[in-house]
Each structure stands twice: as C-alpha cells, then as structure tokens.
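**Student:** Sharing a structure with you now.
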Amino acid sequence: MSWLKEHLHLLETGICLGFLLLGGALLSVYPQVASAFFIVAFLIGGYASAKTGLTELFRYHHLSVDILMILAAIGAGLIGYWLEGALLIFIFSLSNTLEEMAMEKSRHAISSLMSLRPDIACRIDDQGIATTVETKDLVIGDRLQVRKGEAVPIDGELLSDFGQFDESMVTGEPLISDKTQGAVLIGGTINQGQAIEMQVTVANQDTLFAKIITLVESAQTKKSQTATFIESLEDSYVKAVLILVPVFILISHFISGWTWLDAFYRGMILLTVASPCALIASTAPASLAAISCAARKGLIIKGGEIVDKMGQIEAVVMDKTGTLTQGKPAVVDSYYCIDKTTVDALVKSAEAASTHPISIALLDYTQGQASLPLQTIEEIPGQGFKVHYQEQEWRIGKKSFALGQHPAISESLVKAIDRLERQGKTLVFVSVDGQLAAYYALLDTLKPESLKAIQELHAMGIKTIMLTGDQTKTADYVAQQLGVDEVVANCLPQDKAAYLSELKAKYGFVAMVGDGINDAPALAQADVSYAIGSGTDIAMESSDSVIMDDLTRIPYSIRLSRQLRTIVKENIVFALAVITLLILANIFQLVNLPLGVVGHEGSTILVILNGLRLLSFK
C-alpha cells in the first residue's frame, strides 16, 4: 500500500498507457469504442496535471505549463483527434513521472544517511547488565556497548582503551580511523575492531548526523538564482503562449489561407511545442543532483544558490588552527641529555594530573612508559611542574623556569633551540638539579589533506590566504610548509572580518574556511563560506556549507559548481533550440501533434538526465 502511495503517478501513467494501447488496437474496427478508451486514458493520465495546474491557477494565481498541456489535449480532442490528445497526455504524464523519479533518486542519495543510524542500541546499566533500547530513548551519560561490525548509535566518547572505526560515510575517506580512550565517536560510523564501550555525550537531536540531515533538507528547498529566474518567467511565458496561439490560428486562417481545422490543429501543436517544460527542468534536477553528490563526499551545501556560486571563487581565505592544522599540539621533536626512558617516565608521572593541551600532548608522546613513584609534585601556574624523585629536584616547563636566566648549555644547543623557536614550535624543558636533561618541541601539526587542498586550489588558479590569531613566526612556518600565498597573523575576530572586506575588493569573489567562534563574523561576510564539521555550532550556522574534516572538498566543490554551470547552460541552450525548431517545423507543417509531443517531452527528459549526470561526478 505504501508503495502505491509513493508511486501513484507511475501507476496512473501505466493505466493511461494501457487504455491508449487498447484504443489503438480497436481504432480500425470500432472507432467509437476506441475513442472512448482514448478519453479514459486522457482523464486518468491528465488528472494529476490538471489538478496541479488548476490549483496553482486559482489558489496562487499562477499559470503553469500543466495548463498549456491540458488545453492542447482538450483542443485536439474537440476536433476529433482523441488519439493525439491521449498520446499528448500520456507522454506529458510519463515525462512528469520520470522527472519525479529522477528527483527522488537524487534525494535518496542523501536520505540514505538516515539509514546509517541504527534504530536500537545496547545500553549498560550500573550493574553491568546490557539491555536493548531504542536509539531515540538514549540520554546524555548513558553507557553503551558497540560490537564489531555494528554502527555507533549516537555521538559520544570512547570509554575503551582503543577502537577502530570506518568513518567514510562522514569524511569520505576509506581508511580506518584508530581512536584511543576519550576520542569523539560519530553516530552512524562502523566499529571495525573489537567490541567497545562508549558514553553518550549529546542529545539525539544534536548529533552530527541530525545536523547534516537538517542542513540537507533545508538545502533541497533553496533554489539557484538561475532556477528562480526561469521559474519566475513561467507565468509570463505561459500568458504569452496563450495569447500567441489564438493569434497564430487567426493569421493561419485569414492570411495563410489554411482551413479552420488545419489552423486549429496547428495551434494545438504550437500550444504543445512552445511549452517551457524543458527550460524549467534545466536547473532544478541538476542542482539537487550536485547537492546530493557533494553530501555523499562529505560536503553539505546549503542550497542550489550556494553550489551555483562556488564556481566563481577566485580566492580562498583559511583559518589556521583546527582548519589547516589539527587544532591541538603534538610533540614533533625531542632532545635528551640523559637516559630517555627515565625522562619520559618522569614527565608522564608529573603531567598525568593535568588537562592542559601541552600536558595531554606530552602524555600522548610518553604513553608507552611506566609511571614513577614521585616524592613530591607541585604545579607552578604559568611555569610548569616541580617534582622530587630519588632526592633530586626535577623541573618541567618554560626554559627560564627549568634552567634559570643563564642556562649552562652548549652553543650548538642554543642554535638548535633558536631554530625550533623560529619555526613557531613550543619548547618544554626538563632539568634535574638545574641542569638540562631534555627538551620537547611541540607544534599544532598539519592535517594530512591540507597540502593537497592548497596544491589543487593553486592548480585551478585560485589564491590562498591564511588568517590566524596565532603569532607571526608560527603562522609563517605553517604557511611555508603549505605554500600559502598570503599570511596575516595576530588577527582578532573583527580583524578577520575587516581583512576579508579588503580581499573581496582585491579579488572580487572570496571564500572563507573556519571552525571556531572567532571565525563566525568572517564566515558570514564571505561570498561563499565553509565551516569545518568538527568545529563550533555557530561556525556551522554562519556558513554556506559544512566540510566533514577534509579540505580537499573545497577544490572539489569548485569543480562541481563549474560542471553544474556548464550542464545548466547546455540544458538551457538545448531546450531553447528544440522549442525554436519545433515551432518553425509547425509553421511549415513539417511536424504533426504526436511528433511534436515526442520532440517536446523528449527534450524535457533529456535535460533531466543530463542534470542527473552530476550524481556520479568525481
């Protein structure tokens, strides 16, 4: 029953075809019975179009192409051409049905996201007993078990020591993601390792997938400027055709000398072939296909107008922290004056109680070491840790804190330290009784795909600019690693917005990429904006699109937009050419009503299929 409701128009079109074939079989033997079958086919096939056209006319005072088709079919019937009228209705109904199916195909490419979230979850209570519950009933703080091969039911935090997850449906990347305790898990991703335990950290309506689906549903209702412009012309176009047809009939009879029957018949053909069906279908299916394709690749675009504008981008402005980089420091270099194992173990023991990002980076770096029994531990705010171990005083932190104002270190070490600091790296020193024991160099490391994204943008002739609130030497080092064209450091949120205005004046059409609250003003001001999916809600709300953590989606979106614009131009030119040729063929009496219908509706189907090519854009 549900299938019939979803495919009612397909069923009506099929019944219309059945009566049309029956009438055709009886036409030479029982012409009156055949005409009755043609009328039934006419009524069944034309019901939906007539209802839509009349509703728009009386409720919204809008003349649509459905009115033209119904009038043409009625006109053909009135002069005895019931076969042609029924054929017109059938092909028009078939065209509408195929258009609906094509649009539904592109919608299904996104709505399939819904099926990635499991309906049930395995919840573990305080006694360790597992029970099956519906995902919609989960609340923040629930402890869940996810077995191997199962989908993570909701966003949360990994409680187990280690897990492996397939996040390709979110990031678009085929590689398995390794996660350690405390890592963020995304609902809908697949557990590819052993069974794990997790804790729910967000409400059901606030999950990443819920936000994606909401954004996509909103995007499907937002049309491109081209589509809006063409649809706004429909009413005027239909009025013009309704005026042109009777004028054409009168001229054909009184000036060209055609009979009233021939003039009226040619008028009905004109009513059919002049309909802008193909023109109207030139943009919407293509835009929806582009949005659907982008969503499957990990890029949520908030409407047809946005995807249409992306192809005009001349420069891309990017935040650094969390956009080009991972957004958290990691140890990228180290130097030891004494035994490495002892130093790492002591650092791990001292930093274990801290939640500072630098402490977390040091703990990640030293996680393979065993903890040491420290005698005392004291945290000096803004400086570091002072601990005692085996009657020795150890210090971990800034250089002045660990080594004093005049450290006794070699000239080569001084040069090495200066070089690391010029690269924007943060140094953490370790000393024992005032003597250097080791140092660690930390840096917010680049995301693996950042360099590839910059290279692809440059290959397309697009300028890249980095705006960051970080210090100049760090920004310069990151820009040098990536090959970014321009760098502006020490930017406050208002500075980013102001500088973006200058860039728009310089380049004409500028995109902004960011992830934080401080990026929101610039994101809102850019011609096109991209928010990183793992960033803040305000950044996602301020942006035109959301990237699921892969910056290569930016050049991808630009190529997709350019292809969309090419396809829409092809469709418009093709549709106008077909309408023109059919009108001329009708004037010179080179086409009859069935051929006019096939040519007109065939062109509509072709432009729809051409637009749907974007579903497989790579």
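Residues are referred to by chain and number: the chain letter is A, B, ... according to the order shown in the structure tokens, the number counts from 1 in that chain, and ligands are numbered separately from 1 in the order shown.
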What are the DSSP helix (DSSP H, G or I) residues of region 427-477 of chain A, as a list in words?
**Tutor:**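 DSSP on the backbone gives helix (DSSP H, G or I) at Ser450, Leu451, Lys452, Ala453, Ile454, Gln455, Glu456, Leu457, His458, Ala459, Thr472, Lys473, Thr474, Ala475, Asp476 and Tyr477 of chain A.
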**Student:** When you look at Gly187 (chain A) with a cut-off of 6 Å (counting only C-alpha atoms), what residues show up, excluding the ones that are within fewer than 5 positions of it in the same chain? I need them as a ChimeraX atom specification.
**Tutor:** /A:152-155
**Student:** I want to know what sits within 10 Å of Leu144 (chain A), based on only C-alpha atoms, with residues of the same chain fewer than 2 positions away left out; could you give that as a list in words?
**Tutor:**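 After dropping sequence-adjacent residues, the list is Ala121, Cys122, Arg123, Ile124, Asp125, Ala130, Thr131, Thr132, Leu138, Gly141, Asp142, Val146, Arg147, Val152, Pro153, Ile154, Gly156, Leu158, Leu159, Ile196, Glu197, Met198, Gln199 and Val200 of chain A.
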**Student:** Ranking A:Lys398, A:Lys473, A:Arg613, A:Arg553 by minimum distance to Ile567 (chain A) and counting only C-alpha atoms, which one comes first?
**Tutor:**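 Using only C-alpha atoms, the shortest distance to Ile567 (chain A) belongs to A:Arg613.
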**Student:** So that I can see what lies close to region 287-291 of chain A, please list as a ChimeraX atom specification the residues with an atom at most 6 Å from it, counting only C-alpha atoms and leaving out residues fewer than 3 positions away in the same chain.
**Tutor:** /A:106,284,294,304,612,614-615
**Student:** Keeping only all heavy atoms, take the residues you just selected and write them out as a PDB file, in the first residue's frame.
**Tutor:**
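What ended up in again_4.pdb:
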ATOM      1  N   SER A 106      17.968  11.507  -6.613  1.00  0.00           N
ATOM      2  CA  SER A 106      18.965  12.381  -6.013  1.00  0.00           C
ATOM      3  C   SER A 106      18.666  12.623  -4.536  1.00  0.00           C
ATOM      4  O   SER A 106      19.576  12.755  -3.722  1.00  0.00           O
ATOM      5  CB  SER A 106      19.035  13.714  -6.771  1.00  0.00           C
ATOM      6  OG  SER A 106      17.808  14.370  -6.734  1.00  0.00           O
ATOM      7  N   ALA A 284      16.747  22.676 -11.818  1.00  0.00           N
ATOM      8  CA  ALA A 284      16.447  22.070 -10.515  1.00  0.00           C
ATOM      9  C   ALA A 284      17.011  20.655 -10.349  1.00  0.00           C
ATOM     10  O   ALA A 284      17.676  20.370  -9.339  1.00  0.00           O
ATOM     11  CB  ALA A 284      14.937  22.074 -10.267  1.00  0.00           C
ATOM     12  N   ALA A 294      27.624  16.007  -3.496  1.00  0.00           N
ATOM     13  CA  ALA A 294      28.529  16.629  -2.530  1.00  0.00           C
ATOM     14  C   ALA A 294      28.337  16.043  -1.136  1.00  0.00           C
ATOM     15  O   ALA A 294      29.302  15.801  -0.409  1.00  0.00           O
ATOM     16  CB  ALA A 294      28.312  18.143  -2.508  1.00  0.00           C
ATOM     17  N   GLY A 304      20.803  25.401  -3.658  1.00  0.00           N
ATOM     18  CA  GLY A 304      21.219  25.497  -5.047  1.00  0.00           C
ATOM     19  C   GLY A 304      21.960  26.777  -5.363  1.00  0.00           C
ATOM     20  O   GLY A 304      22.879  26.794  -6.184  1.00  0.00           O
ATOM     21  N   LEU A 612      21.226  14.907 -14.094  1.00  0.00           N
ATOM     22  CA  LEU A 612      21.480  13.829 -13.131  1.00  0.00           C
ATOM     23  C   LEU A 612      22.863  13.204 -13.302  1.00  0.00           C
ATOM     24  O   LEU A 612      23.276  12.403 -12.466  1.00  0.00           O
ATOM     25  CB  LEU A 612      20.400  12.754 -13.247  1.00  0.00           C
ATOM     26  CG  LEU A 612      19.012  13.170 -12.744  1.00  0.00           C
ATOM     27  CD1 LEU A 612      18.029  12.026 -12.911  1.00  0.00           C
ATOM     28  CD2 LEU A 612      19.061  13.610 -11.286  1.00  0.00           C
ATOM     29  N   LEU A 614      25.406  14.623 -12.683  1.00  0.00           N
ATOM     30  CA  LEU A 614      26.189  15.137 -11.550  1.00  0.00           C
ATOM     31  C   LEU A 614      26.148  14.215 -10.343  1.00  0.00           C
ATOM     32  O   LEU A 614      26.966  14.352  -9.433  1.00  0.00           O
ATOM     33  CB  LEU A 614      25.675  16.531 -11.159  1.00  0.00           C
ATOM     34  CG  LEU A 614      26.063  17.662 -12.115  1.00  0.00           C
ATOM     35  CD1 LEU A 614      25.299  18.930 -11.784  1.00  0.00           C
ATOM     36  CD2 LEU A 614      27.558  17.922 -12.042  1.00  0.00           C
ATOM     37  N   LEU A 615      25.202  13.281 -10.297  1.00  0.00           N
ATOM     38  CA  LEU A 615      25.164  12.326  -9.189  1.00  0.00           C
ATOM     39  C   LEU A 615      26.421  11.486  -9.135  1.00  0.00           C
ATOM     40  O   LEU A 615      26.823  11.007  -8.073  1.00  0.00           O
ATOM     41  CB  LEU A 615      23.941  11.412  -9.320  1.00  0.00           C
ATOM     42  CG  LEU A 615      22.594  12.004  -8.911  1.00  0.00           C
ATOM     43  CD1 LEU A 615      21.475  11.046  -9.265  1.00  0.00           C
ATOM     44  CD2 LEU A 615      22.570  12.322  -7.417  1.00  0.00           C
TER      45      LEU A 615
END
**Student:** Measuring atom to atom with only C-alpha atoms, identify which of A:Val245, A:Leu279, A:Ile417, A:Val607 is nearest to Tyr440 (chain A).
**Tutor:** A:Ile417
**Student:** What is the CA of Thr135 (chain A) to CA of Val184 (chain A) distance in Å?
**Tutor:**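 Calculated distance between CA of Thr135 (chain A) and CA of Val184 (chain A) is 17.9 Å.
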**Student:** Per DSSP on the backbone, what are the strand (DSSP E) residues of region 261-391 of chain A, as a ChimeraX atom specification?
**Tutor:** /A:299-301,315-319,325-336,376-380,384-389
**Student:** Show which residues sit within 12 Å of Tyr237 (chain A), as a list in words. Count only C-alpha atoms, and ignore same-chain residues fewer than 2 positions away.
**Tutor:** His62, Leu63, Ser64, Val65, Leu68, Ile230, Glu231, Ser232, Leu233, Glu234, Asp235, Lys239, Ala240, Val241, Leu242, Ile243, Leu244, Leu271, Ala274, Ser275, Pro276, Cys277, Leu279 and Ile280 of chain A
**Student:** Would you mind exporting N, CA, C and O atoms of the selected residues as an mmCIF file, in the first residue's frame?
**Tutor:**
data_model
loop_
_atom_site.group_PDB
_atom_site.id
_atom_site.type_symbol
_atom_site.label_atom_id
_atom_site.label_comp_id
_atom_site.auth_asym_id
_atom_site.auth_seq_id
_atom_site.Cartn_x
_atom_site.Cartn_y
_atom_site.Cartn_z
ATOM 1 N N HIS A 62 -1.227 31.566 -10.552
ATOM 2 C CA HIS A 62 -0.004 31.305 -11.317
ATOM 3 C C HIS A 62 -0.327 30.359 -12.467
ATOM 4 O O HIS A 62 -0.906 29.288 -12.264
ATOM 5 N N LEU A 63 0.024 30.755 -13.680
ATOM 6 C CA LEU A 63 -0.184 29.919 -14.856
ATOM 7 C C LEU A 63 1.037 29.034 -15.086
ATOM 8 O O LEU A 63 2.149 29.533 -15.248
ATOM 9 N N SER A 64 0.831 27.714 -15.086
ATOM 10 C CA SER A 64 1.936 26.775 -15.262
ATOM 11 C C SER A 64 1.834 26.057 -16.592
ATOM 12 O O SER A 64 0.817 26.138 -17.296
ATOM 13 N N VAL A 65 2.870 25.304 -16.924
ATOM 14 C CA VAL A 65 2.897 24.558 -18.183
ATOM 15 C C VAL A 65 1.833 23.464 -18.192
ATOM 16 O O VAL A 65 1.427 23.009 -19.267
ATOM 17 N N LEU A 68 -1.073 24.568 -20.189
ATOM 18 C CA LEU A 68 -0.858 24.510 -21.627
ATOM 19 C C LEU A 68 -1.089 23.107 -22.173
ATOM 20 O O LEU A 68 -1.718 22.917 -23.224
ATOM 21 N N ILE A 230 14.251 31.426 -13.971
ATOM 22 C CA ILE A 230 13.482 30.721 -15.000
ATOM 23 C C ILE A 230 12.054 30.465 -14.528
ATOM 24 O O ILE A 230 11.087 30.670 -15.279
ATOM 25 N N GLU A 231 11.901 30.041 -13.271
ATOM 26 C CA GLU A 231 10.561 29.766 -12.753
ATOM 27 C C GLU A 231 9.731 31.042 -12.634
ATOM 28 O O GLU A 231 8.510 31.017 -12.788
ATOM 29 N N SER A 232 10.403 32.155 -12.372
ATOM 30 C CA SER A 232 9.666 33.428 -12.283
ATOM 31 C C SER A 232 9.138 33.864 -13.651
ATOM 32 O O SER A 232 8.166 34.617 -13.738
ATOM 33 N N LEU A 233 9.757 33.371 -14.733
ATOM 34 C CA LEU A 233 9.311 33.708 -16.081
ATOM 35 C C LEU A 233 8.157 32.827 -16.547
ATOM 36 O O LEU A 233 7.505 33.137 -17.554
ATOM 37 N N GLU A 234 7.923 31.714 -15.824
ATOM 38 C CA GLU A 234 6.935 30.738 -16.284
ATOM 39 C C GLU A 234 5.563 31.373 -16.483
ATOM 40 O O GLU A 234 4.913 31.167 -17.517
ATOM 41 N N ASP A 235 5.096 32.135 -15.510
ATOM 42 C CA ASP A 235 3.764 32.730 -15.578
ATOM 43 C C ASP A 235 3.635 33.643 -16.795
ATOM 44 O O ASP A 235 2.673 33.549 -17.564
ATOM 45 N N LYS A 239 1.374 33.009 -20.279
ATOM 46 C CA LYS A 239 0.421 34.028 -20.749
ATOM 47 C C LYS A 239 0.705 34.401 -22.199
ATOM 48 O O LYS A 239 -0.215 34.549 -23.019
ATOM 49 N N ALA A 240 2.016 34.564 -22.514
ATOM 50 C CA ALA A 240 2.399 34.925 -23.878
ATOM 51 C C ALA A 240 1.983 33.845 -24.874
ATOM 52 O O ALA A 240 1.487 34.145 -25.972
ATOM 53 N N VAL A 241 2.171 32.569 -24.483
ATOM 54 C CA VAL A 241 1.794 31.460 -25.362
ATOM 55 C C VAL A 241 0.287 31.424 -25.559
ATOM 56 O O VAL A 241 -0.213 31.223 -26.679
ATOM 57 N N LEU A 242 -0.468 31.651 -24.474
ATOM 58 C CA LEU A 242 -1.939 31.631 -24.568
ATOM 59 C C LEU A 242 -2.467 32.758 -25.455
ATOM 60 O O LEU A 242 -3.535 32.638 -26.063
ATOM 61 N N ILE A 243 -1.733 33.864 -25.538
ATOM 62 C CA ILE A 243 -2.105 34.954 -26.442
ATOM 63 C C ILE A 243 -1.651 34.630 -27.867
ATOM 64 O O ILE A 243 -2.372 34.871 -28.850
ATOM 65 N N LEU A 244 -0.440 34.055 -27.978
ATOM 66 C CA LEU A 244 0.143 33.776 -29.285
ATOM 67 C C LEU A 244 -0.659 32.737 -30.066
ATOM 68 O O LEU A 244 -0.840 32.872 -31.289
ATOM 69 N N LEU A 271 0.730 25.133 -29.134
ATOM 70 C CA LEU A 271 0.498 25.164 -27.692
ATOM 71 C C LEU A 271 1.377 24.130 -26.981
ATOM 72 O O LEU A 271 1.865 24.364 -25.875
ATOM 73 N N ALA A 274 5.550 24.928 -27.741
ATOM 74 C CA ALA A 274 6.044 26.183 -27.162
ATOM 75 C C ALA A 274 6.107 26.144 -25.643
ATOM 76 O O ALA A 274 6.617 27.070 -25.009
ATOM 77 N N SER A 275 5.596 25.071 -25.033
ATOM 78 C CA SER A 275 5.616 24.951 -23.578
ATOM 79 C C SER A 275 7.057 24.881 -23.069
ATOM 80 O O SER A 275 7.889 24.169 -23.638
ATOM 81 N N PRO A 276 7.383 25.606 -21.972
ATOM 82 C CA PRO A 276 8.768 25.662 -21.487
ATOM 83 C C PRO A 276 9.150 24.544 -20.519
ATOM 84 O O PRO A 276 9.942 24.760 -19.604
ATOM 85 N N CYS A 277 8.583 23.347 -20.689
ATOM 86 C CA CYS A 277 8.872 22.255 -19.743
ATOM 87 C C CYS A 277 10.368 21.988 -19.620
ATOM 88 O O CYS A 277 10.928 21.892 -18.532
ATOM 89 N N LEU A 279 12.857 23.861 -20.446
ATOM 90 C CA LEU A 279 13.572 25.025 -19.915
ATOM 91 C C LEU A 279 13.485 25.058 -18.397
ATOM 92 O O LEU A 279 14.476 25.299 -17.692
ATOM 93 N N ILE A 280 12.293 24.791 -17.862
ATOM 94 C CA ILE A 280 12.098 24.805 -16.410
ATOM 95 C C ILE A 280 12.870 23.664 -15.738
ATOM 96 O O ILE A 280 13.389 23.803 -14.631
#
**Student:** Can you work out which one of A:Phe92, A:Val33, A:Leu10, A:Leu590 has the shortest atom-to-atom distance to Arg266 (chain A), counting only C-alpha atoms?
**Tutor:**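 Of all the options, A:Leu590 lies closest to Arg266 (chain A).
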**Student:** Taking into account only C-alpha atoms, which residue in the set A:Gln405, A:Leu523, A:Ser95, A:Ile360 is nearest to His600 (chain A)?
**Tutor:**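 Between A:Gln405, A:Leu523, A:Ser95, A:Ile360, the residue approaching His600 (chain A) most closely is A:Ser95.
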